[in-house]
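> Got upload.txt for you, compact mmCIF, N, CA and C atoms and all ligand atoms:
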```txt
# COMPACT_ATOMS: atom_id res chain seq x y z
N MET A 113 -8.46 17.24 22.50
CA MET A 113 -9.58 17.36 21.59
C MET A 113 -9.66 16.14 20.68
N LYS A 114 -10.82 16.01 20.04
CA LYS A 114 -11.02 14.82 19.19
C LYS A 114 -10.34 15.00 17.84
N VAL A 115 -9.57 14.01 17.47
CA VAL A 115 -8.86 14.03 16.19
C VAL A 115 -9.06 12.67 15.51
N LEU A 116 -8.68 12.61 14.25
CA LEU A 116 -8.81 11.39 13.47
C LEU A 116 -7.44 10.74 13.32
N VAL A 117 -7.33 9.48 13.76
CA VAL A 117 -6.05 8.78 13.67
C VAL A 117 -6.21 7.48 12.89
N ALA A 118 -5.10 7.01 12.34
CA ALA A 118 -5.11 5.75 11.60
C ALA A 118 -5.35 4.58 12.55
N THR A 119 -6.10 3.60 12.09
CA THR A 119 -6.31 2.39 12.88
C THR A 119 -6.46 1.20 11.95
N ALA A 120 -6.07 0.04 12.47
CA ALA A 120 -6.30 -1.20 11.71
C ALA A 120 -7.65 -1.81 12.07
N GLU A 121 -8.34 -1.21 13.03
CA GLU A 121 -9.62 -1.76 13.47
C GLU A 121 -10.61 -1.77 12.31
N THR A 122 -11.36 -2.84 12.20
CA THR A 122 -12.36 -3.12 11.16
C THR A 122 -11.75 -3.34 9.78
N GLN A 123 -10.41 -3.39 9.69
CA GLN A 123 -9.79 -3.73 8.40
C GLN A 123 -10.27 -5.10 7.95
N GLY A 124 -10.56 -5.21 6.67
CA GLY A 124 -11.01 -6.49 6.12
C GLY A 124 -12.52 -6.62 6.05
N ASP A 125 -13.24 -5.70 6.73
CA ASP A 125 -14.70 -5.73 6.65
C ASP A 125 -15.15 -5.47 5.22
N ARG A 126 -14.39 -4.67 4.52
CA ARG A 126 -14.65 -4.44 3.10
C ARG A 126 -13.56 -5.15 2.32
N GLY A 127 -13.93 -5.66 1.17
CA GLY A 127 -13.00 -6.46 0.39
C GLY A 127 -11.81 -5.69 -0.12
N ASN A 128 -11.96 -4.38 -0.27
CA ASN A 128 -10.86 -3.60 -0.83
C ASN A 128 -10.20 -2.70 0.22
N ASP A 129 -10.23 -3.14 1.48
CA ASP A 129 -9.55 -2.42 2.55
C ASP A 129 -8.04 -2.51 2.40
N PHE A 130 -7.35 -1.50 2.89
CA PHE A 130 -5.90 -1.58 3.02
C PHE A 130 -5.45 -0.67 4.15
N HIS A 131 -4.33 -0.98 4.74
CA HIS A 131 -3.83 -0.23 5.90
C HIS A 131 -2.31 -0.23 5.88
N PHE A 132 -1.73 0.86 5.37
CA PHE A 132 -0.27 0.99 5.33
C PHE A 132 0.23 2.09 6.26
N ALA A 133 -0.72 2.81 6.85
CA ALA A 133 -0.34 3.91 7.75
C ALA A 133 0.12 3.33 9.08
N VAL A 134 0.62 4.19 9.94
CA VAL A 134 1.07 3.77 11.25
C VAL A 134 -0.07 3.94 12.25
N GLU A 135 -0.35 2.87 12.98
CA GLU A 135 -1.43 2.90 13.97
C GLU A 135 -1.31 4.14 14.86
N GLY A 136 -2.38 4.92 14.96
CA GLY A 136 -2.40 6.04 15.90
C GLY A 136 -1.92 7.37 15.35
N GLU A 137 -1.36 7.38 14.14
CA GLU A 137 -0.91 8.68 13.61
C GLU A 137 -2.10 9.48 13.10
N LEU A 138 -1.94 10.79 13.11
CA LEU A 138 -2.97 11.68 12.57
C LEU A 138 -3.13 11.42 11.08
N VAL A 139 -4.35 11.55 10.59
CA VAL A 139 -4.60 11.37 9.16
C VAL A 139 -5.31 12.58 8.58
N ARG A 140 -5.22 12.71 7.25
CA ARG A 140 -5.97 13.72 6.53
C ARG A 140 -6.73 13.03 5.40
N ILE A 141 -7.60 13.79 4.78
CA ILE A 141 -8.36 13.25 3.64
C ILE A 141 -7.89 13.97 2.39
N ASP A 142 -7.32 13.23 1.48
CA ASP A 142 -6.83 13.79 0.24
C ASP A 142 -7.98 14.05 -0.72
N THR A 143 -7.82 15.02 -1.57
CA THR A 143 -8.78 15.20 -2.66
C THR A 143 -8.60 14.04 -3.63
N PRO A 144 -9.70 13.34 -3.97
CA PRO A 144 -9.55 12.18 -4.86
C PRO A 144 -8.97 12.59 -6.21
N CYS A 145 -8.13 11.71 -6.77
CA CYS A 145 -7.55 11.96 -8.09
C CYS A 145 -8.56 11.62 -9.18
N ALA A 146 -8.19 11.81 -10.41
CA ALA A 146 -9.10 11.58 -11.54
C ALA A 146 -9.60 10.14 -11.59
N THR A 147 -8.76 9.19 -11.20
CA THR A 147 -9.15 7.77 -11.26
C THR A 147 -10.30 7.47 -10.31
N ASP A 148 -10.26 8.05 -9.12
CA ASP A 148 -11.24 7.69 -8.09
C ASP A 148 -12.33 8.73 -7.89
N ARG A 149 -12.27 9.82 -8.62
CA ARG A 149 -13.15 10.95 -8.33
C ARG A 149 -14.62 10.56 -8.31
N ARG A 150 -15.04 9.66 -9.21
CA ARG A 150 -16.45 9.28 -9.26
C ARG A 150 -16.70 7.91 -8.65
N ASP A 151 -15.65 7.26 -8.19
CA ASP A 151 -15.81 5.90 -7.68
C ASP A 151 -14.90 5.65 -6.49
N PRO A 152 -15.51 5.63 -5.27
CA PRO A 152 -14.69 5.41 -4.07
C PRO A 152 -14.03 4.03 -4.06
N ASP A 153 -14.52 3.11 -4.90
CA ASP A 153 -13.89 1.79 -4.99
C ASP A 153 -12.98 1.70 -6.21
N GLY A 154 -12.52 2.85 -6.67
CA GLY A 154 -11.71 2.91 -7.88
C GLY A 154 -10.33 2.30 -7.70
N GLY A 155 -9.61 2.26 -8.81
CA GLY A 155 -8.34 1.56 -8.85
C GLY A 155 -7.24 2.19 -8.03
N CYS A 156 -7.33 3.49 -7.78
CA CYS A 156 -6.27 4.17 -7.03
C CYS A 156 -6.39 3.89 -5.53
N GLY A 157 -7.58 4.10 -4.99
CA GLY A 157 -7.78 3.87 -3.56
C GLY A 157 -7.89 5.15 -2.76
N CYS A 158 -7.50 6.27 -3.37
CA CYS A 158 -7.53 7.53 -2.60
C CYS A 158 -8.95 8.00 -2.33
N GLY A 159 -9.92 7.52 -3.11
CA GLY A 159 -11.30 7.91 -2.88
C GLY A 159 -11.91 7.27 -1.65
N ARG A 160 -11.22 6.31 -1.06
CA ARG A 160 -11.74 5.66 0.14
C ARG A 160 -10.71 5.61 1.27
N SER A 161 -9.58 6.30 1.10
CA SER A 161 -8.55 6.17 2.13
C SER A 161 -8.19 7.50 2.77
N PHE A 162 -7.62 7.40 3.94
CA PHE A 162 -7.06 8.53 4.65
C PHE A 162 -5.54 8.44 4.46
N ALA A 163 -4.85 9.58 4.60
CA ALA A 163 -3.39 9.58 4.47
C ALA A 163 -2.76 9.92 5.81
N GLY A 164 -1.82 9.10 6.25
CA GLY A 164 -1.12 9.37 7.50
C GLY A 164 -0.23 10.59 7.37
N LEU A 165 -0.27 11.47 8.37
CA LEU A 165 0.52 12.70 8.28
C LEU A 165 2.01 12.43 8.41
N ASN A 166 2.39 11.44 9.19
CA ASN A 166 3.81 11.16 9.37
C ASN A 166 4.34 10.21 8.31
N SER A 167 3.61 9.12 8.08
CA SER A 167 4.10 8.09 7.16
C SER A 167 3.83 8.43 5.70
N ALA A 168 2.84 9.30 5.47
CA ALA A 168 2.36 9.61 4.12
C ALA A 168 1.81 8.37 3.44
N ARG A 169 1.43 7.37 4.26
CA ARG A 169 0.86 6.15 3.70
C ARG A 169 -0.64 6.09 3.99
N PRO A 170 -1.36 5.37 3.14
CA PRO A 170 -2.81 5.40 3.26
C PRO A 170 -3.41 4.27 4.10
N THR A 171 -4.61 4.51 4.58
CA THR A 171 -5.39 3.49 5.27
C THR A 171 -6.85 3.76 4.98
N THR A 172 -7.65 2.70 4.89
CA THR A 172 -9.08 2.92 4.63
C THR A 172 -9.87 3.04 5.94
N THR A 173 -9.17 2.94 7.09
CA THR A 173 -9.88 3.00 8.36
C THR A 173 -9.21 4.00 9.30
N ALA A 174 -10.05 4.77 9.98
CA ALA A 174 -9.55 5.75 10.94
C ALA A 174 -10.45 5.73 12.17
N ARG A 175 -9.92 6.21 13.27
CA ARG A 175 -10.64 6.15 14.54
C ARG A 175 -10.65 7.54 15.17
N VAL A 176 -11.75 7.86 15.83
CA VAL A 176 -11.83 9.13 16.55
C VAL A 176 -11.13 8.94 17.90
N ALA A 177 -10.07 9.72 18.12
CA ALA A 177 -9.31 9.61 19.36
C ALA A 177 -9.28 10.95 20.07
N ASP A 178 -9.20 10.90 21.39
CA ASP A 178 -9.09 12.12 22.17
C ASP A 178 -7.63 12.31 22.57
N LEU A 179 -6.96 13.25 21.93
CA LEU A 179 -5.54 13.46 22.19
C LEU A 179 -5.31 14.87 22.72
N PRO A 180 -4.23 15.03 23.48
CA PRO A 180 -3.98 16.35 24.08
C PRO A 180 -3.41 17.35 23.09
N PHE A 181 -4.13 17.57 22.00
CA PHE A 181 -3.72 18.51 20.97
C PHE A 181 -4.66 19.71 20.98
N SER A 182 -4.13 20.87 20.63
CA SER A 182 -4.99 22.03 20.35
C SER A 182 -5.21 22.06 18.84
N SER A 183 -6.14 22.89 18.39
CA SER A 183 -6.34 22.97 16.95
C SER A 183 -5.08 23.56 16.29
N ALA A 184 -4.33 24.40 17.02
CA ALA A 184 -3.06 24.92 16.48
C ALA A 184 -2.06 23.78 16.28
N ASP A 185 -2.05 22.81 17.20
CA ASP A 185 -1.17 21.65 17.06
C ASP A 185 -1.52 20.85 15.81
N VAL A 186 -2.82 20.63 15.61
CA VAL A 186 -3.27 19.85 14.45
C VAL A 186 -2.92 20.59 13.16
N THR A 187 -3.11 21.90 13.18
CA THR A 187 -2.74 22.71 12.01
C THR A 187 -1.25 22.59 11.71
N GLU A 188 -0.44 22.67 12.76
CA GLU A 188 1.01 22.58 12.57
C GLU A 188 1.41 21.18 12.05
N ALA A 189 0.79 20.14 12.59
CA ALA A 189 1.08 18.78 12.13
C ALA A 189 0.75 18.65 10.65
N LEU A 190 -0.39 19.21 10.26
CA LEU A 190 -0.82 19.15 8.87
C LEU A 190 0.11 19.98 7.98
N ARG A 191 0.43 21.19 8.46
CA ARG A 191 1.29 22.09 7.69
C ARG A 191 2.66 21.45 7.44
N SER A 192 3.27 20.91 8.48
CA SER A 192 4.61 20.34 8.31
C SER A 192 4.57 19.08 7.46
N SER A 193 3.47 18.30 7.57
CA SER A 193 3.33 17.10 6.75
C SER A 193 3.23 17.47 5.27
N LEU A 194 2.39 18.45 4.97
CA LEU A 194 2.22 18.87 3.58
C LEU A 194 3.54 19.41 3.03
N ALA A 195 4.22 20.25 3.82
CA ALA A 195 5.47 20.85 3.38
C ALA A 195 6.52 19.77 3.12
N GLN A 196 6.57 18.79 4.02
CA GLN A 196 7.55 17.72 3.91
C GLN A 196 7.34 16.90 2.64
N GLN A 197 6.06 16.77 2.23
CA GLN A 197 5.76 15.98 1.04
C GLN A 197 5.77 16.83 -0.23
N GLY A 198 6.14 18.10 -0.09
CA GLY A 198 6.27 18.94 -1.25
C GLY A 198 4.97 19.59 -1.71
N TRP A 199 3.93 19.57 -0.86
CA TRP A 199 2.66 20.22 -1.22
C TRP A 199 2.66 21.63 -0.65
N ASP A 200 1.78 22.43 -1.20
CA ASP A 200 1.60 23.79 -0.68
C ASP A 200 0.89 23.70 0.67
N PRO A 201 1.54 24.15 1.74
CA PRO A 201 0.93 24.01 3.07
C PRO A 201 0.04 25.19 3.46
N SER A 202 -0.20 26.11 2.55
CA SER A 202 -0.89 27.35 2.94
C SER A 202 -2.34 27.11 3.35
N GLY A 203 -2.92 26.00 2.92
CA GLY A 203 -4.30 25.73 3.29
C GLY A 203 -4.45 24.88 4.54
N ALA A 204 -3.34 24.70 5.27
CA ALA A 204 -3.35 23.77 6.40
C ALA A 204 -4.38 24.14 7.48
N ALA A 205 -4.47 25.43 7.79
CA ALA A 205 -5.38 25.85 8.87
C ALA A 205 -6.83 25.53 8.50
N GLY A 206 -7.19 25.85 7.25
CA GLY A 206 -8.56 25.58 6.81
C GLY A 206 -8.86 24.10 6.78
N GLU A 207 -7.90 23.32 6.29
CA GLU A 207 -8.10 21.87 6.20
C GLU A 207 -8.18 21.26 7.60
N ALA A 208 -7.33 21.72 8.51
CA ALA A 208 -7.37 21.21 9.89
C ALA A 208 -8.73 21.52 10.51
N GLY A 209 -9.23 22.73 10.25
CA GLY A 209 -10.54 23.10 10.78
C GLY A 209 -11.64 22.18 10.28
N CYS A 210 -11.59 21.84 9.00
CA CYS A 210 -12.59 20.92 8.41
C CYS A 210 -12.50 19.54 9.05
N LEU A 211 -11.27 19.05 9.21
CA LEU A 211 -11.07 17.72 9.80
C LEU A 211 -11.61 17.67 11.24
N LEU A 212 -11.29 18.71 12.00
CA LEU A 212 -11.72 18.74 13.40
C LEU A 212 -13.24 18.86 13.48
N GLU A 213 -13.83 19.58 12.52
CA GLU A 213 -15.27 19.71 12.47
C GLU A 213 -15.93 18.36 12.17
N LEU A 214 -15.30 17.60 11.27
CA LEU A 214 -15.83 16.29 10.89
C LEU A 214 -15.95 15.36 12.10
N VAL A 215 -14.95 15.38 12.97
CA VAL A 215 -14.94 14.42 14.08
C VAL A 215 -15.59 14.97 15.34
N ALA A 216 -15.85 16.28 15.37
CA ALA A 216 -16.37 16.89 16.59
C ALA A 216 -17.66 16.23 17.06
N GLU A 217 -18.48 15.78 16.09
CA GLU A 217 -19.79 15.22 16.46
C GLU A 217 -19.73 13.72 16.74
N LEU A 218 -18.60 13.11 16.48
CA LEU A 218 -18.52 11.65 16.62
C LEU A 218 -17.95 11.26 17.99
N PRO A 219 -18.53 10.24 18.63
CA PRO A 219 -18.01 9.80 19.92
C PRO A 219 -16.60 9.22 19.79
N ILE A 220 -15.80 9.40 20.84
CA ILE A 220 -14.44 8.85 20.86
C ILE A 220 -14.50 7.34 20.68
N GLY A 221 -13.65 6.82 19.83
CA GLY A 221 -13.62 5.37 19.61
C GLY A 221 -14.36 4.95 18.36
N THR A 222 -15.12 5.86 17.78
CA THR A 222 -15.83 5.53 16.55
C THR A 222 -14.82 5.23 15.43
N VAL A 223 -15.03 4.14 14.74
CA VAL A 223 -14.17 3.81 13.60
C VAL A 223 -14.91 4.23 12.33
N VAL A 224 -14.23 5.00 11.51
CA VAL A 224 -14.86 5.52 10.30
C VAL A 224 -14.06 5.17 9.04
N GLY A 225 -14.76 5.19 7.94
CA GLY A 225 -14.12 5.13 6.64
C GLY A 225 -14.56 6.37 5.90
N HIS A 226 -14.19 6.50 4.65
CA HIS A 226 -14.76 7.59 3.89
C HIS A 226 -14.95 7.17 2.45
N ARG A 227 -15.98 7.76 1.86
CA ARG A 227 -16.37 7.49 0.49
C ARG A 227 -16.36 8.83 -0.21
N LEU A 228 -15.31 9.11 -0.96
CA LEU A 228 -15.13 10.41 -1.60
C LEU A 228 -15.18 11.49 -0.52
N PHE A 229 -16.21 12.31 -0.49
CA PHE A 229 -16.20 13.41 0.48
C PHE A 229 -17.09 13.14 1.67
N GLU A 230 -17.52 11.90 1.84
CA GLU A 230 -18.44 11.57 2.91
C GLU A 230 -17.75 10.65 3.93
N ILE A 231 -17.91 10.98 5.21
CA ILE A 231 -17.40 10.12 6.27
C ILE A 231 -18.49 9.10 6.61
N VAL A 232 -18.13 7.84 6.66
CA VAL A 232 -19.11 6.81 7.02
C VAL A 232 -18.65 6.09 8.29
N VAL A 233 -19.58 5.86 9.19
CA VAL A 233 -19.25 5.15 10.42
C VAL A 233 -19.18 3.67 10.11
N ARG A 234 -18.05 3.06 10.40
CA ARG A 234 -17.88 1.63 10.16
C ARG A 234 -18.15 0.85 11.42
N ARG A 235 -17.82 1.42 12.54
CA ARG A 235 -18.14 0.77 13.81
C ARG A 235 -18.38 1.85 14.84
N PRO A 236 -19.58 1.87 15.43
CA PRO A 236 -19.85 2.89 16.45
C PRO A 236 -18.91 2.72 17.62
N ALA A 237 -18.74 3.77 18.40
CA ALA A 237 -17.88 3.70 19.58
C ALA A 237 -18.37 2.61 20.51
N LEU A 238 -17.43 1.90 21.11
CA LEU A 238 -17.80 0.92 22.13
C LEU A 238 -18.08 1.70 23.42
N ASP A 239 -17.98 1.09 24.56
CA ASP A 239 -18.33 1.79 25.81
C ASP A 239 -17.18 2.66 26.30
N VAL A 240 -16.76 3.59 25.44
CA VAL A 240 -15.71 4.52 25.83
C VAL A 240 -16.38 5.80 26.30
N PRO A 241 -16.12 6.21 27.54
CA PRO A 241 -16.75 7.45 28.01
C PRO A 241 -16.28 8.66 27.21
N ASP A 242 -17.21 9.49 26.85
CA ASP A 242 -16.89 10.67 26.05
C ASP A 242 -17.12 11.92 26.89
N PRO A 243 -16.06 12.57 27.33
CA PRO A 243 -16.22 13.73 28.21
C PRO A 243 -16.94 14.89 27.54
N ALA A 244 -17.00 14.86 26.23
CA ALA A 244 -17.59 15.99 25.51
C ALA A 244 -19.11 15.92 25.48
N THR A 245 -19.70 14.80 25.87
CA THR A 245 -21.17 14.70 25.80
C THR A 245 -21.78 14.58 27.19
ZN ZN A 301 -6.16 8.47 -6.47
```
Turn this file's structure into structure tokens for me.


Amino acid sequence: MKVLVATAETQGDRGNDFHFAVEGELVRIDTPCATDRRDPDGGCGCGRSFAGLNSARPTTTARVADLPFSSADVTEALRSSLAQQGWDPSGAAGEAGCLLELVAELPIGTVVGHRLFEIVVRRPALDVPDPAT
């Protein structure tokens, strides 16, 4: 199924890009903190970045990838990541569902960023065949 993974692709297109996550790891979208809540270009960076589930490091760019995961797998990845970082993992299933819903409509290979609660396409998918369409 389609999931969102960290990528370095299109890094640098925006002046305040950063990429500390591990290429290809699953990512989540954190709730912006007080610093960035009203400004995706704020000083913290969380208003425009995704967080790697394994590395717990942020990146401003993510890619839609087709991986052999079920939604239960994605939920478990999210749950264990949150638990490992000391967060309450009880909302993992709901959050995983939202993430999967976000990417369901996007073609595989699409590179996206995000601005607070909005996903923005940074580079449309190249000529990658999408079995879902
Ligand atoms: Zn922040």

> Please define a box with edges along x, y and z of the file around all atoms of range 146-165 of chain A given in the file, extend it by 3 Å on each side, and return its centre and edge lengths in Å to one decimal, as JSON.


```
{"center_x": -7.3, "center_y": 7.1, "center_z": -1.6, "size_x": 24.7, "size_y": 17.1, "size_z": 26.0}
```

> Can you pull out every residue with an atom within 7 Å of ligand ZN 301 (chain A)? Use all atoms listed in the file and format it as a PyMOL selection string.

chain A and resi 143-149+155-159

> Considering only C-alpha atoms, can you say which of A:Gln123, A:Val186, A:Arg175, A:Ala168 comes closest to Leu238 in chain A?

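Closest residue, counting only C-alpha atoms: A:Arg175.
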
> Quick one: residues within 8 Å of Leu211 in chain A, all atoms listed in the file counted, chain neighbours fewer than 3 positions away excluded, as number ranges by chain?

A: 114-116, 139-141, 205-208, 214-216

> Those residues you just picked out, can you put them in a file as an mmCIF file, in the coordinates of the input with N, CA and C atoms?


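So the final result, stored in part08.cif, reads:
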```cif
data_model
loop_
_atom_site.group_PDB
_atom_site.id
_atom_site.type_symbol
_atom_site.label_atom_id
_atom_site.label_comp_id
_atom_site.auth_asym_id
_atom_site.auth_seq_id
_atom_site.Cartn_x
_atom_site.Cartn_y
_atom_site.Cartn_z
ATOM 1 N N LYS A 114 -10.820 16.010 20.040
ATOM 2 C CA LYS A 114 -11.020 14.820 19.190
ATOM 3 C C LYS A 114 -10.340 15.000 17.840
ATOM 4 N N VAL A 115 -9.570 14.010 17.470
ATOM 5 C CA VAL A 115 -8.860 14.030 16.190
ATOM 6 C C VAL A 115 -9.060 12.670 15.510
ATOM 7 N N LEU A 116 -8.680 12.610 14.250
ATOM 8 C CA LEU A 116 -8.810 11.390 13.470
ATOM 9 C C LEU A 116 -7.440 10.740 13.320
ATOM 10 N N VAL A 139 -4.350 11.550 10.590
ATOM 11 C CA VAL A 139 -4.600 11.370 9.160
ATOM 12 C C VAL A 139 -5.310 12.580 8.580
ATOM 13 N N ARG A 140 -5.220 12.710 7.250
ATOM 14 C CA ARG A 140 -5.970 13.720 6.530
ATOM 15 C C ARG A 140 -6.730 13.030 5.400
ATOM 16 N N ILE A 141 -7.600 13.790 4.780
ATOM 17 C CA ILE A 141 -8.360 13.250 3.640
ATOM 18 C C ILE A 141 -7.890 13.970 2.390
ATOM 19 N N ALA A 205 -4.470 25.430 7.790
ATOM 20 C CA ALA A 205 -5.380 25.850 8.870
ATOM 21 C C ALA A 205 -6.830 25.530 8.500
ATOM 22 N N GLY A 206 -7.190 25.850 7.250
ATOM 23 C CA GLY A 206 -8.560 25.580 6.810
ATOM 24 C C GLY A 206 -8.860 24.100 6.780
ATOM 25 N N GLU A 207 -7.900 23.320 6.290
ATOM 26 C CA GLU A 207 -8.100 21.870 6.200
ATOM 27 C C GLU A 207 -8.180 21.260 7.600
ATOM 28 N N ALA A 208 -7.330 21.720 8.510
ATOM 29 C CA ALA A 208 -7.370 21.210 9.890
ATOM 30 C C ALA A 208 -8.730 21.520 10.510
ATOM 31 N N LEU A 214 -15.300 17.600 11.270
ATOM 32 C CA LEU A 214 -15.830 16.290 10.890
ATOM 33 C C LEU A 214 -15.950 15.360 12.100
ATOM 34 N N VAL A 215 -14.950 15.380 12.970
ATOM 35 C CA VAL A 215 -14.940 14.420 14.080
ATOM 36 C C VAL A 215 -15.590 14.970 15.340
ATOM 37 N N ALA A 216 -15.850 16.280 15.370
ATOM 38 C CA ALA A 216 -16.370 16.890 16.590
ATOM 39 C C ALA A 216 -17.660 16.230 17.060
#
```

> As a PyMOL selection string, please: every residue in chain A that a backbone DSSP assignment puts in helix (DSSP H, G or I).

chain A and resi 183-196+201-216

> Using all atoms listed in the file and a cutoff of 7 Å, can you tell me which residues are near (-18.5, 7.1, 15.8) in the file's coordinates, and write them out as a list in words?

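Applying the cut-off with all atoms listed in the file, one gets Val176, Glu217, Leu218, Pro219, Ile220, Gly221, Thr222, Val223, Val224, Val233, Arg234, Arg235, Pro236 and Ala237 of chain A.
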
> Write out the residues from the selection above, keeping N, CA and C atoms, as a CSV table (one decimal), keeping the file's coordinate frame.


```csv
chain,number,residue,atom,x,y,z
A,176,VAL,N,-11.8,7.9,15.8
A,176,VAL,CA,-11.8,9.1,16.6
A,176,VAL,C,-11.1,8.9,17.9
A,217,GLU,N,-18.5,15.8,16.1
A,217,GLU,CA,-19.8,15.2,16.5
A,217,GLU,C,-19.7,13.7,16.7
A,218,LEU,N,-18.6,13.1,16.5
A,218,LEU,CA,-18.5,11.6,16.6
A,218,LEU,C,-18.0,11.3,18.0
A,219,PRO,N,-18.5,10.2,18.6
A,219,PRO,CA,-18.0,9.8,19.9
A,219,PRO,C,-16.6,9.2,19.8
A,220,ILE,N,-15.8,9.4,20.8
A,220,ILE,CA,-14.4,8.8,20.9
A,220,ILE,C,-14.5,7.3,20.7
A,221,GLY,N,-13.6,6.8,19.8
A,221,GLY,CA,-13.6,5.4,19.6
A,221,GLY,C,-14.4,5.0,18.4
A,222,THR,N,-15.1,5.9,17.8
A,222,THR,CA,-15.8,5.5,16.6
A,222,THR,C,-14.8,5.2,15.4
A,223,VAL,N,-15.0,4.1,14.7
A,223,VAL,CA,-14.2,3.8,13.6
A,223,VAL,C,-14.9,4.2,12.3
A,224,VAL,N,-14.2,5.0,11.5
A,224,VAL,CA,-14.9,5.5,10.3
A,224,VAL,C,-14.1,5.2,9.0
A,233,VAL,N,-19.6,5.9,9.2
A,233,VAL,CA,-19.2,5.2,10.4
A,233,VAL,C,-19.2,3.7,10.1
A,234,ARG,N,-18.0,3.1,10.4
A,234,ARG,CA,-17.9,1.6,10.2
A,234,ARG,C,-18.2,0.8,11.4
A,235,ARG,N,-17.8,1.4,12.5
A,235,ARG,CA,-18.1,0.8,13.8
A,235,ARG,C,-18.4,1.8,14.8
A,236,PRO,N,-19.6,1.9,15.4
A,236,PRO,CA,-19.8,2.9,16.4
A,236,PRO,C,-18.9,2.7,17.6
A,237,ALA,N,-18.7,3.8,18.4
A,237,ALA,CA,-17.9,3.7,19.6
A,237,ALA,C,-18.4,2.6,20.5
```

> When distances are computed from only C-alpha atoms, which of A:Ala195, A:Ala204, A:Ala177, A:Leu190 shows the smallest separation from Thr119 in chain A?

A:Ala177

> Would you give me, as JSON, numbers by chain, the residues in range 159-190 of chain A that DSSP reads as strand (DSSP E)?

{"A": [162, 163, 164, 170, 171, 174, 175, 176, 177, 178]}

> Using only C-alpha atoms, which of A:Ile231, A:Leu194, A:Met113, A:Cys210 sits nearest Ala174 in chain A?

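Going through A:Ile231, A:Leu194, A:Met113, A:Cys210 one by one, the smallest distance to Ala174 in chain A is for A:Ile231.
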
> In Å, how far is it from atom N of Pro152 in chain A to atom N of Gly203 in chain A?

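These atoms are spaced 25.3 Å apart.
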
> As a PyMOL selection string, please: the residues near Phe130 in chain A (cut-off 12 Å, only C-alpha atoms, same-chain neighbours under 5 positions excluded).

chain A and resi 118-125+153+156-158+160-163+169-174+225

> Hey, can you check how far CA of Gly198 in chain A sits from CA of Val232 in chain A?

29.3 Å

> Identify, on the basis of only C-alpha atoms, every residue whose closest approach to Gln196 in chain A does not exceed 10 Å; exclude the query and any residue fewer than 4 positions from it along the same chain; express the result as a list of chain:residue names.

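Counting only C-alpha atoms, the residues come to A:Leu165, A:Asn166, A:Ala168, A:Leu190, A:Arg191, A:Ser192, A:Asp200, A:Pro201.
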
> Mind giving me the straight-line distance from CA of Trp199 in chain A to atom C of Ser167 in chain A in Å, one decimal?

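Distance reported for this atom pair: 13.7 Å.
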
> What would range 151-160 of chain A look like if you wrote it out as a PDB file, in the first residue's frame, with N, CA, C and O atoms included, from the block I just posted?


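This is the output file result.pdb:
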```pdb
ATOM      1  N   ASP A 151       3.061  29.632  11.749  1.00  0.00           N
ATOM      2  CA  ASP A 151       4.027  29.938  10.703  1.00  0.00           C
ATOM      3  C   ASP A 151       4.840  28.698  10.326  1.00  0.00           C
ATOM      4  O   ASP A 151       5.740  28.285  11.050  1.00  0.00           O
ATOM      5  N   PRO A 152       4.510  28.109   9.142  1.00  0.00           N
ATOM      6  CA  PRO A 152       5.236  26.898   8.727  1.00  0.00           C
ATOM      7  C   PRO A 152       6.720  27.167   8.489  1.00  0.00           C
ATOM      8  O   PRO A 152       7.513  26.224   8.428  1.00  0.00           O
ATOM      9  N   ASP A 153       7.103  28.448   8.342  1.00  0.00           N
ATOM     10  CA  ASP A 153       8.516  28.779   8.176  1.00  0.00           C
ATOM     11  C   ASP A 153       9.118  29.258   9.489  1.00  0.00           C
ATOM     12  O   ASP A 153      10.138  29.954   9.507  1.00  0.00           O
ATOM     13  N   GLY A 154       8.499  28.867  10.586  1.00  0.00           N
ATOM     14  CA  GLY A 154       8.928  29.327  11.901  1.00  0.00           C
ATOM     15  C   GLY A 154      10.277  28.770  12.328  1.00  0.00           C
ATOM     16  O   GLY A 154      10.864  27.917  11.665  1.00  0.00           O
ATOM     17  N   GLY A 155      10.727  29.253  13.471  1.00  0.00           N
ATOM     18  CA  GLY A 155      12.069  28.947  13.937  1.00  0.00           C
ATOM     19  C   GLY A 155      12.300  27.503  14.321  1.00  0.00           C
ATOM     20  O   GLY A 155      13.435  27.028  14.316  1.00  0.00           O
ATOM     21  N   CYS A 156      11.243  26.795  14.687  1.00  0.00           N
ATOM     22  CA  CYS A 156      11.408  25.405  15.114  1.00  0.00           C
ATOM     23  C   CYS A 156      11.592  24.474  13.919  1.00  0.00           C
ATOM     24  O   CYS A 156      12.516  23.676  13.880  1.00  0.00           O
ATOM     25  N   GLY A 157      10.704  24.578  12.951  1.00  0.00           N
ATOM     26  CA  GLY A 157      10.799  23.718  11.772  1.00  0.00           C
ATOM     27  C   GLY A 157       9.759  22.615  11.748  1.00  0.00           C
ATOM     28  O   GLY A 157       9.517  21.997  10.716  1.00  0.00           O
ATOM     29  N   CYS A 158       9.121  22.376  12.891  1.00  0.00           N
ATOM     30  CA  CYS A 158       8.144  21.269  12.932  1.00  0.00           C
ATOM     31  C   CYS A 158       6.893  21.581  12.124  1.00  0.00           C
ATOM     32  O   CYS A 158       6.183  20.668  11.738  1.00  0.00           O
ATOM     33  N   GLY A 159       6.635  22.857  11.858  1.00  0.00           N
ATOM     34  CA  GLY A 159       5.464  23.211  11.062  1.00  0.00           C
ATOM     35  C   GLY A 159       5.615  22.884   9.593  1.00  0.00           C
ATOM     36  O   GLY A 159       4.657  22.948   8.828  1.00  0.00           O
ATOM     37  N   ARG A 160       6.819  22.521   9.172  1.00  0.00           N
ATOM     38  CA  ARG A 160       7.039  22.178   7.768  1.00  0.00           C
ATOM     39  C   ARG A 160       7.763  20.843   7.601  1.00  0.00           C
ATOM     40  O   ARG A 160       8.181  20.497   6.509  1.00  0.00           O
TER      41      ARG A 160
END
```
